[in-house]
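K.L.:
Here you go, one structure.
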Amino acid sequence: MAVGIRIRDRFERNWRFLKGNSKGASKIGFNDSKWRMLNLPHDWSIEGPFDEKDPSGNGGGYLPGGHGWYRKTFTLPAEHKGKRVVIEFDGVYMNSTVWINGHKLGGHAYGYTSFHFDLTPYLAFGKKKNVLAVHVDNSKRPNTRWYSGSGIYRHVWLTITDKIHIAPWGTAISTVKATKSSAAVRIETEVANGGASDANVLLETRIIGPGRKTVAVIESAKKIRTGAAGKFVQQMTVKKPSLWDVDSPTLYQAVTLVKVGGKVVDDLAACFGIRTCRFDPKQGFILNGRGLKLKGVNLHHDNGCLGSVVYDRAEERRVELMKSIGANAIRTSHNPPSPEFLDACDRLGVVVVDEAFDEWEKGKLKHGYKDYFKKCWRDDLTSMVRRDRNHPSVVLWSIGNEVPEQGKLKGARIAGRMARFIRKLDPTRPVGYGAHPGPWTPQLWAALDVCGYNYRNDLYAKDHREYPKRRIFGSETFPLNAFKTWTDAIDNRHIIGEFIWTGMDYIGESGIGHARDAYSKYPVNTACCGELDICGFKKTRSYYRDILWDNGTRLYIAVRQKPDNGEAFRLSPWGWPATKSSWTWPEGKREWWMAYGSDEYQVDVYSACEEVELRLNGRTIGRNTTSRATRYLATWNVLFEPGTLEAVGYIGGRPVAVQTLRTAGDQAKIRLTPDRKSIKADGYDLSFVTVEVLDRKGTLHPKADNEIVFSVKGPGEIVGVGNGNQASVEPFQAKSRKAYCGRCQVVIRSASRSGRIELTAKSPGLTSAKAIIMTG
């Protein structure tokens with residue numbers, strides 16, 4: 001079987017970049033020799049600096065925007081003359097304009113959808129040079145309610161095909177029906193004829209299953225006129241299919257060959273999964289015939305200290321982290337994600353609500369998507385749906401989130417228009433929307449297939465009685481109300497599931513989940529939300545979620561922090577009580593915490609056990625029952641004394657779980673733990689290294705804030721540092737970072753050669769540490 005006819009390469013190395021604007025930079029002869037050389041993807045906003053007066057404000061995390069220019073000079077072999085050459089951008093934030101050899105190809109406003117241009121008419125081949133220029137305009141701000149980044153932050157591809165070729169995003173694969181014995185798979189393929197004459201086209205499609213075995217083959221013929229496109233519809237039977245599921249995400253591949261006159265002129269391999277799913281108004285979400293309650297998270301697109309840059313490993317890691325906290329579903333709030341993120345969801349088994357917009361015609365921000373909606377919504381929905389429709393993880397299209405017009409008939413008309421448009425592009429999936437708490441109209445929900453209730457779990461039972469055909473899920477839920485929102489979801493069988501706000505903390509929307517009013521202002525630059533912080537470190541709230549979602553944790557000690565500086569705690573519904581799993585106290589200055597009582601601390605134990613016993617230095621403090629009736633929580637007030645605090649969980653009178661906290665001694669040493677000790681030598685792969693400050697016995701020191709200095713030897717480099725401190729304005733692009741609560745993070749990127757990367761971490765007064773990462 002012939003493969004490799006189509007050329008599709010990442011077009012990302014050796015671009016010139018200028019932060020700012022420059023007259024004439026689109027022209028082929030422009031002198032860019034003094035511009036910075038870099039590889040894409042790239043986000044200039046994450047490079048900083050933080051600025052309290054930046055127009056992005058707290059929504060954008062006080063990081064810069066502005067203008068940027070990218071230019072790439074390249075040659076194309078003479079043998080490609082006569083081919084079709086297309087440049088594809090997976091995402092540019094925002095208002096991008098593209099030129100090739102001085103010819104303006106066009107622009108793309110929305111920063112979250114993919115787009116492409118045909119370069120063919122303007123290219124030179126052989127030794128002659130070509131210049132691709134891209135202007136990015138993120139100067140009109142605020143234009144987003146969360147951190148967006150700036151620049152060509154997703155992948156760029158150069159695709160070379162024959163004049164007769166499979167159209168961009170021209171393959172649509174769906175499961176017609178599936179049982180354990182067989183599955184019917186439908187494949188629609190759009191073939192474009194850009195040649196000079198009509199062509200008789202033979203389309204061969206093979207389905208490749210587990211073990212690289214061919215499980216089905218079909219051929220179809222069609223005459224396609226010059227300048228036109230033809231659609232092939234093929235249906236194949238796969239015997240004894242391995243169904244895609246959250247627990248066993250088996251993937252297949254459809255390999256399509258385009259033949260003209262017996263010669264293969266184009267080929268394309270598309271991954272897909274065989275699965276059926278539906279949303280039922282009585283039973284909730286049904287995947288492959290079984291009910292699945294969605295344990296979902298909302299997730300913004302940034303990768304912490306890496307900003308919005310799409311590294312394949314960073315996208316995969318975020319999905320791995322969501323799986324690790326028990327999630328089986330992700331809502332891409334509030335924009336289409338990168339293709340690599342969806343690829344990871346496909347491989348790892350997570351279902352996705354793929355969301356389009358945060359604004360329609362009426363805006364929330366001065367320069368938001370409202371400025372482009374009327375002109376661009378069709379193109380942007382087309383991009384999202386045609387690009388993402390083959391991902392088995394995607395089970396629902398969402399047309400928006402909390403738009404101001406949702407409570408008016410005009411909003412219902414706009415929703416209906418978009419829903420009908422999407423159904424024509426993809427009739428296999430339903431269309432939904434995430435609504436703010438109200439008001440909303442019956443006409444809005446009537447226009448849609450699935451109804452997302454943000455923070456209205458109180459309406460689950462009532463609305464089911466009044467609207468029994470309505471399909472409902474909790475599209476956003478408050479983490480502070482975790483027990484109530486989850487039990488409401490499981491007690492109402494018709495509820496599809498819940499999506500907590502959020503799975504991971506994110507830059508921007510600063511301080512909405514913080515426990516202190518003063519900390520919702522600068523320098524706080526993250527939302528202070530999330531089961532995990534922006535480094536991916538697990539927060540105390542996530543252990544409570546483990547209990548609710550039956551995610552393995554049976555017992556967890558969370559000690560309530562005392563207020564300092566006289567500030568009272570404020571429990572935001574997006575936040576969580578200020579707690580640490582620590583028995584190293586006090587924090588802050590002694591006179592502050594002594595003024596608020598004594599050395600007594602409230603100790604919460606999250607428990608999936610029937611009983612919990614709390615011990616201090618071997619003495620029993622108390623033994624309490626825990627169950628749904630106690631919200632899986634036992635609480636004691638404990639007078640602090642150094643030593644060990646231990647919780648023991650019992651089921652049937654027998655101990656089944658133990659957690660022990662130890663008072664840390666003096667800070668003594670550093671420990672480095674890479675998440676991967678072997679990475680690819682491709683210039684893009686990453687290892688996320690956790691950095692911890694320990695005492696002599698190896699106990700994490702929760703007060704440590706030492707500055708850690710990093711150095712690297714070998715074929716790798718530091719691309720980001722972070723620590724999870726919501727109020728830190730240290731640069732993310734640096735070779736040092738202060739620890740926060742005893743930890744920080746450094747991210748290592750491989751070079752394009754094999755070898756041994758040696759990372760060293762040092763800090764005055766601490767024993768240094770080394771970690772070895774191999775590349776190959």
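In the structure tokens, each chain is lettered A, B, ... as it comes, each chain's residues begin at 1, and ligands are numbered from 1 in order of appearance.
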Using only C-alpha atoms, determine which residues lie at most 9 Å from Gln253 of chain A, disregarding the query and same-chain residues fewer than 6 positions distant; provide the list as a PyMOL selection string.
P.N.:
chain A and resi 206-209+212+269-273
K.L.:
Write out as a list of chain:residue names which residues come within 8 Å of segment 357-369 of chain A when counting only C-alpha atoms, dropping same-chain ones fewer than 4 positions away.
P.N.:
A:Tyr110, A:Lys140, A:Arg141, A:Pro142, A:Asn143, A:Thr144, A:Arg145, A:His334, A:Asn335, A:Phe373, A:Lys374, A:Ile399, A:Gly400, A:Asn401, A:Glu402, A:Val403, A:Pro404, A:Glu405
K.L.:
Of the candidates A:Leu480, A:Arg654, A:Asp312, A:Arg662, which shows the shortest atom-to-atom distance to Ser572 of chain A, using only C-alpha atoms?
P.N.:
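Under the stated criterion, the closest residue is A:Leu480.
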K.L.:
Residues at most 7 Å from segment 319-324 of chain A, counting only C-alpha atoms, excluding those fewer than 6 positions away in the same chain, as a VMD selection string?
P.N.:
chain A and resid 344 to 345 503
K.L.:
Next, write the just-selected residues to a file, as a PDB file, in the first residue's frame, keeping N, CA, C and O atoms as the atom set.
P.N.:
```
ATOM      1  N   ALA A 344      -4.718  13.887  22.801  1.00  0.00           N
ATOM      2  CA  ALA A 344      -4.424  13.305  24.114  1.00  0.00           C
ATOM      3  C   ALA A 344      -5.695  12.770  24.771  1.00  0.00           C
ATOM      4  O   ALA A 344      -5.685  11.705  25.397  1.00  0.00           O
ATOM      5  N   CYS A 345      -6.799  13.498  24.639  1.00  0.00           N
ATOM      6  CA  CYS A 345      -8.075  13.020  25.188  1.00  0.00           C
ATOM      7  C   CYS A 345      -8.498  11.725  24.505  1.00  0.00           C
ATOM      8  O   CYS A 345      -9.026  10.811  25.155  1.00  0.00           O
ATOM      9  N   GLY A 503     -10.496  22.445  36.731  1.00  0.00           N
ATOM     10  CA  GLY A 503      -9.592  21.338  36.985  1.00  0.00           C
ATOM     11  C   GLY A 503      -8.225  21.801  37.429  1.00  0.00           C
ATOM     12  O   GLY A 503      -7.575  21.165  38.260  1.00  0.00           O
TER      13      GLY A 503
END
```
K.L.:
Going by DSSP on the backbone, which residues of segment 129-307 of chain A come out as helix (DSSP H, G or I)? List them as a PyMOL selection string.
P.N.:
chain A and resi 210-212+304-306
K.L.:
With N, CA, C and O atoms retained, export the selected residues as a PDB file, in the first residue's frame.
P.N.:
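Saved the output as selection-v5.pdb:
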```pdb
ATOM      1  N   PRO A 210      -6.221  -2.415  16.005  1.00  0.00           N
ATOM      2  CA  PRO A 210      -5.145  -2.728  16.963  1.00  0.00           C
ATOM      3  C   PRO A 210      -4.180  -3.752  16.372  1.00  0.00           C
ATOM      4  O   PRO A 210      -4.579  -4.674  15.653  1.00  0.00           O
ATOM      5  N   GLY A 211      -2.886  -3.548  16.651  1.00  0.00           N
ATOM      6  CA  GLY A 211      -1.874  -4.444  16.092  1.00  0.00           C
ATOM      7  C   GLY A 211      -1.556  -4.171  14.648  1.00  0.00           C
ATOM      8  O   GLY A 211      -0.912  -4.984  13.986  1.00  0.00           O
ATOM      9  N   ARG A 212      -2.011  -3.023  14.135  1.00  0.00           N
ATOM     10  CA  ARG A 212      -1.776  -2.589  12.754  1.00  0.00           C
ATOM     11  C   ARG A 212      -2.378  -3.554  11.743  1.00  0.00           C
ATOM     12  O   ARG A 212      -1.918  -3.669  10.594  1.00  0.00           O
ATOM     13  N   GLY A 304       0.385  26.925  32.362  1.00  0.00           N
ATOM     14  CA  GLY A 304       1.137  27.446  33.495  1.00  0.00           C
ATOM     15  C   GLY A 304       2.311  28.290  33.057  1.00  0.00           C
ATOM     16  O   GLY A 304       2.166  29.255  32.289  1.00  0.00           O
ATOM     17  N   CYS A 305       3.497  27.923  33.520  1.00  0.00           N
ATOM     18  CA  CYS A 305       4.687  28.736  33.256  1.00  0.00           C
ATOM     19  C   CYS A 305       5.067  28.763  31.782  1.00  0.00           C
ATOM     20  O   CYS A 305       5.886  29.600  31.374  1.00  0.00           O
ATOM     21  N   LEU A 306       4.480  27.892  30.957  1.00  0.00           N
ATOM     22  CA  LEU A 306       4.757  27.890  29.516  1.00  0.00           C
ATOM     23  C   LEU A 306       3.824  28.821  28.759  1.00  0.00           C
ATOM     24  O   LEU A 306       3.968  29.006  27.553  1.00  0.00           O
TER      25      LEU A 306
END
```
K.L.:
Residues of segment 32-209 of chain A in strand (DSSP E) according to DSSP, as a VMD selection string?
P.N.:
chain A and resid 36 to 38 66 to 74 84 to 89 96 to 100 103 to 108 115 to 118 130 to 138 156 to 161 164 to 178 182 to 193 199 to 208
K.L.:
To one decimal in Å, tell me the separation between atom CA of Gly57 of chain A and atom CA of Ser333 of chain A.
P.N.:
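One can read the atom CA of Gly57 of chain A to atom CA of Ser333 of chain A distance as 19.7 Å.
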K.L.:
If we count only C-alpha atoms and set the cut-off at 9 Å, which residues sit around segment 190-197 of chain A, ignoring sequence neighbours fewer than 6 positions away in its own chain? Please answer as a ChimeraX atom specification.
P.N.:
/A:84,162-172,224-233,258
K.L.:
Include C-alpha atoms and write out the residues we just selected as a PDB file, in the first residue's frame.
P.N.:
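Wrote selection_21.pdb, looks like this:
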```
ATOM      1  CA  ARG A  84      -0.520  22.516  -4.237  1.00  0.00           C
ATOM      2  CA  ASP A 162      -1.241  16.928  -5.802  1.00  0.00           C
ATOM      3  CA  LYS A 163      -3.716  19.194  -7.583  1.00  0.00           C
ATOM      4  CA  ILE A 164      -6.211  16.375  -7.029  1.00  0.00           C
ATOM      5  CA  HIS A 165      -6.308  15.902  -3.287  1.00  0.00           C
ATOM      6  CA  ILE A 166      -8.392  15.325  -0.178  1.00  0.00           C
ATOM      7  CA  ALA A 167      -9.741  18.716   0.849  1.00  0.00           C
ATOM      8  CA  PRO A 168      -8.564  20.297   4.118  1.00  0.00           C
ATOM      9  CA  TRP A 169     -10.554  18.716   6.985  1.00  0.00           C
ATOM     10  CA  GLY A 170     -12.298  16.787   4.217  1.00  0.00           C
ATOM     11  CA  THR A 171     -12.677  13.471   6.025  1.00  0.00           C
ATOM     12  CA  ALA A 172     -15.636  12.779   8.341  1.00  0.00           C
ATOM     13  CA  ILE A 224     -14.825  14.929 -10.565  1.00  0.00           C
ATOM     14  CA  ARG A 225     -14.923  17.948 -12.807  1.00  0.00           C
ATOM     15  CA  THR A 226     -12.037  20.360 -12.930  1.00  0.00           C
ATOM     16  CA  GLY A 227     -12.338  23.103 -10.306  1.00  0.00           C
ATOM     17  CA  ALA A 228     -14.930  21.103  -8.372  1.00  0.00           C
ATOM     18  CA  ALA A 229     -15.029  18.739  -5.415  1.00  0.00           C
ATOM     19  CA  GLY A 230     -16.659  15.350  -5.107  1.00  0.00           C
ATOM     20  CA  LYS A 231     -17.917  13.642  -1.947  1.00  0.00           C
ATOM     21  CA  PHE A 232     -17.379   9.916  -1.488  1.00  0.00           C
ATOM     22  CA  VAL A 233     -19.557   8.126   1.068  1.00  0.00           C
ATOM     23  CA  VAL A 258      -6.711   8.853  -3.973  1.00  0.00           C
TER      24      VAL A 258
END
```
K.L.:
When you look at segment 436-444 of chain A with a cut-off of 12 Å (counting only C-alpha atoms), what residues show up, excluding the ones that are within fewer than 5 positions of it in the same chain? I need them as a PyMOL selection string.
P.N.:
chain A and resi 358+399-419+431+449-459+463+466-467+470+474-477
